[in-house]
Every structure is written in structure tokens, then in C-alpha cells.
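Notes follow once the structure below has been shown.
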Amino acid sequence: MQLHLNTPGAYLHVKDKMFEVRLKKDGEVKKHLFAAQKVASILIATQAALSTDAIKLGMMFNVDIVFVEYDGQPFGRVWHSKLGSTTKIRKAQLEASLNETGLKWILEWLTSKITNQREFLMDLKKHRKTRADLIQKAVDKLDSQASKIAATSGKDVQAVADTLRGLEGTAGRYYFETLSTLLSEEYCFRGRSFRPAADPFNAFLNYAYGMLYGRVEKVLIIAGLDPYLGFMHRDDYNQLSFVYDFIEPYRIHAERVVYRLFSGKQINKAHTDRITNGYSLNTEGKSLLVGRYNEYMEGDKIRHNGRNLTRAHAMQLDAHRFANELIGKP
């Protein structure tokens with residue numbers, strides 16, 4: 001279970017060895033209790049507060065506590081001080097970032113990302129016969145970009161990073177242009193936009209990505225990996241470079257959830273607010289998105305490596321598999 005505190009004035013503390021969330025509305029205080037062992041993470045935003053005993057309880061049960069910006073971007077987290085594994089993994093991660101191993105994984109992740117986007121478009125094509133030709137053209141373009149990425153060679157990632165970013169960016173442009181044309185005219189958008197989002201679709205997608213960033217950082221930490229030690233993304237100060245590398249195959253989770261909300265006409269003007277130069281999700285919009293996102297990640301199950309797993313569990317196992325392969329562990 002993931003708790004998401006996005007109501008102004010929300011307060012999280014401990015009662016009877018459980019998390020208690022207090023919400024004040026219309027002069028009344030409502031209280032909600034949650035067993036600590038059932039909570040995987042807590043996201044806190046929008047003028048919410050928590051007590052030190054809640055932090056301590058979270059540490060006892062390995063509950064990830066993440067603080068997020070208005071657009072869902074994590075800006076801090078409370079996590080226990082243990083690395084989660086031997087430092088051998090992090091040493092191997094550093095070595096991989098400087099040789100062909102890092103490039104091998106980046107090519108795999110980027111190719112997987114585009115393959116997932118391709119499959120999503122093919123799913124949409126099945127129910128949009130009048131737009132089938134348009135979708136197929138986009139799919140063909142994605143296939144071309146994926147082939148070029150898979151064929152890229154070099155001594156390490158940095159030697160071909162600019163080429164890969166260009167190929168990935170072009171594929172993304174084809175993909176999002178197609179998604180936009182398939183939406184109702186009211187919610188069509190002109191490509192990706194960030195901080196602020198230029199339209200409601202990007203506002204929802206940015207927030208969904210923000211939640212996904214926090215989740216990816218957690219699975220990396222649990223697997224003993226360094227979220228800051230990236231392969232392709234720049235090692236700027238305080239940048240979670242490896243989160244941005246590892247997240248690529250999983251972006252499709254956020255994209256599918258957000259697109260379904262819009263295509264299913266579950267979004268209206270009451271879910272976003274106009275801000276300077278753009279749009280931002282309000283409390284109603286966040287509540288809708290968080291509920292659907294958590295259901296998609298933790299409720300539904302998929303077939304993954306011969307097992308029926310939630311998407312969240314599958315992502316954690318992928319992180320462990322990557323860490324084990326780095327150190328040559330079967």
C-alpha cells in the first residue's frame with residue numbers, strides 16, 4: 001500500500017503502533033488508521049506534516065517516506081542508513097559506467113522503452129480502425145529508431161551518449177505526437193512540456209512520472225545500487241542519474257495510466273488549475289491519478305519471467321537481477 005498525503009493540513013503520526021492520518025474538512029477532523037506492515041511507502045506534499053514517531057515507525061518497517069513537489073517530483077526522502085547489500089555492487093556499478101557493460105544495459109533499456117511504446121500504439125490501433133494507417137506509420141518510425149539504437153556500438157556509453165539521446169528523443173517525438181492526435185481535440189498537446197506543464201495531459205504525465213521516479217529510486221536502494229551513479233545521464237550535482245537511466249523501460253506504466261484517464265473521458269477542467277505559463281494538478285486531480293496509478297502498479301498482475309507479479313514487484317526483481325549480474329551472481 002502507498003499512502004499519498006496531498007491535502008493541505010494533513011497530519012501523519014502514530015497511534016497504537018499504527019500510522020494515523022488526520023484530515024480536517026468543513027470543521028471536522030477525520031482519522032484514518034493504517035497498519036505499518038501493510039504500508040510500502042508514504043508520499044507527502046502540499047502543506048502536510050508528520051511526527052518524528054511516524055518517521056521512527058517507518059524506519060522500523062522499511063517504509064519509504066518521500067517528499068514531493070507540486071508536480072510530483074521527489075525532492076527528498078527519509079530512509080534508513082543501511083545500504084541494503086555489500087558495497088561490491090556499487091563498485092561494480094561504477095566500473096560498468098566506464099566500460100562496455102554500461103553501454104550494453106543502456107541499449108537494452110532504451111530498446112525496451114521504445115518496444116513498450118510500440119506495443120501500446122499497437123494496442124490502440126486495434127480499436128481505432130479509422131486511424132490505423134496513422135498509427136502504423138508511427139510504429140514503423142519507432143521500429144526504425146529502436147533498430148538504430150540496438151546497432152549502436154562504442155567503447156562506453158559516453159562515447160555514443162549524444163547519438164543515443166538523439167535517437168531516443170526522435171522516437172519520443174513520434175510517439176507523443178501520435179498519442180496527441182488520438183485524444184479528443186480538447187486535450188491534444190504539442191509534445192512534452194515540463195515545470196510547468198503547458199497543458200493538462202502533460203501536467204498529469206509529469207506527476208505520474210514523479211511518482212515513478214520515487215518508486216524507481218526505492219527499488220535501486222533496496223537492491224544495493226547507487227541512484228546517483230548513472231551510465232548515460234549526466235552526473236550533475238545532486239542528480240539521480242541512475243534513476244533516469246533505469247526508469248526508461250517503466251515509463252510506459254505512467255503513460256498508459258494517464259492516457260487511459262484522458263481517452264476514457266475521466267478528466268475534466270476541475271482536475272487542474274491554471275498557473276503562470278501552464279497547468280498544475282489540484283487535489284482532485286492528484287487523488288484521481290494516485291488511485292489509478294497505485295491500482296495499476298500494485299493491484300493488477302502481469303506475467304513476468306514465468307511468474308504472476310504486480311508491476312511494482314516485477315520492477316524490484318529487475319533491479320535485483322541487474323545488481324546480481326553486475327557482480328556475476330546467478
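Chain labels run A, B, ... following the order of the C-alpha cells; each chain numbers its residues from 1, and ligands are numbered from 1 in the order shown.
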
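Those residues that approach A:Asn99 to within 8 Å, counting only C-alpha atoms, are A:Glu95, A:Ala96, A:Gly102, A:Leu103, A:Lys155, A:Asp156, A:Val157; same-chain residues fewer than 3 positions away are not listed.
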
Pull C-alpha atoms from the residues just selected and write them as a short mmCIF file (atom, residue, chain, number, x, y, z; two decimals), in the first residue's frame.
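What ended up in selection-v4.cif:
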```cif
data_model
loop_
_atom_site.label_atom_id
_atom_site.label_comp_id
_atom_site.auth_asym_id
_atom_site.auth_seq_id
_atom_site.Cartn_x
_atom_site.Cartn_y
_atom_site.Cartn_z
CA GLU A 95 33.13 0.05 -13.26
CA ALA A 96 30.20 -0.65 -15.58
CA GLY A 102 27.13 0.12 -19.08
CA LEU A 103 26.53 0.60 -22.80
CA LYS A 155 33.79 1.58 -26.02
CA ASP A 156 31.43 3.01 -23.39
CA VAL A 157 28.19 4.97 -23.02
#
```

Within 10 Å of A:Arg215 using only C-alpha atoms, minus same-chain residues under 4 positions, as an mmCIF file with C-alpha atoms, in the first residue's frame:
```
data_model
loop_
_atom_site.group_PDB
_atom_site.id
_atom_site.type_symbol
_atom_site.label_atom_id
_atom_site.label_comp_id
_atom_site.auth_asym_id
_atom_site.auth_seq_id
_atom_site.Cartn_x
_atom_site.Cartn_y
_atom_site.Cartn_z
ATOM 1 C CA SER A 41 5.745 3.975 1.042
ATOM 2 C CA ASP A 64 9.888 4.750 2.286
ATOM 3 C CA VAL A 66 9.148 10.666 0.135
ATOM 4 C CA PRO A 74 10.587 13.965 -5.382
ATOM 5 C CA TYR A 209 6.493 10.280 -13.793
ATOM 6 C CA GLY A 210 7.303 11.951 -10.483
ATOM 7 C CA MET A 211 5.703 9.092 -8.561
ATOM 8 C CA VAL A 219 13.924 -0.304 -5.776
ATOM 9 C CA LEU A 220 17.502 0.686 -6.604
ATOM 10 C CA VAL A 243 17.236 6.636 -11.656
ATOM 11 C CA ILE A 247 13.427 4.145 -15.350
ATOM 12 C CA ALA A 312 5.838 -2.938 -8.685
ATOM 13 C CA MET A 315 10.389 -3.794 -11.158
ATOM 14 C CA GLN A 316 12.029 -4.698 -7.840
#
```

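Restricting the calculation to only C-alpha atoms, the smallest distance between A:Thr86 and any of A:Pro200, A:Ile222, A:Tyr175, A:Arg307 is found for A:Ile222.
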
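Take the candidates A:Leu205, A:Ala223, A:Leu288, A:Met59 and check each one against A:Arg192 using only C-alpha atoms; the shortest distance goes to A:Leu205.
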
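Going from atom CA of A:Glu298 over to atom CA of A:Lys218, you cover 14.9 Å.
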
Which residues, written as a list in words, have at least one atom at most 7 Å from stretch 165-174 of chain A, with only C-alpha atoms counted and residues fewer than 5 positions away on the same chain left out?
Ala138, Leu142, Gln145, Ile149 and Gly191 of chain A

Please build the interface table for stretch 188-208 of chain A against stretch 250-273 of chain A with a cut-off of 9 Å, listing for each qualifying residue the nearest atom pair and the distance in Å to one decimal; count only C-alpha atoms, order rows by chain and increasing number, and write it as a Markdown table.
```
| residue | atom | partner | partner_atom | distance |
| --- | --- | --- | --- | --- |
| A:Pro200 | CA | A:Thr272 | CA | 6.6 |
| A:Phe201 | CA | A:Val258 | CA | 7.6 |
| A:Ala203 | CA | A:Thr272 | CA | 8.0 |
| A:Phe204 | CA | A:Val258 | CA | 6.5 |
| A:Leu205 | CA | A:Val258 | CA | 6.1 |
| A:Asn206 | CA | A:Ala254 | CA | 8.9 |
| A:Tyr207 | CA | A:Ala254 | CA | 8.9 |
| A:Ala208 | CA | A:Ala254 | CA | 5.3 |
```

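For A:Met60, the set of protein, DNA and RNA residues having any atom at most 10 Å away, when counting only C-alpha atoms and skipping those fewer than 3 positions along the same chain, is Ala36, Gln37, Ala54, Ile55, Lys56, Leu57, Val63 and His80 of chain A.
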
Between A:Asn324, A:Leu134, A:Ala150, A:Val14, single out the one closest to A:Leu33, counting only C-alpha atoms.
A:Val14

Return as a PyMOL selection string the full set of residues in stretch 269-300 of chain A whose backbone-based DSSP assignment is helix (DSSP H, G or I).
chain A and resi 269-271+283-299
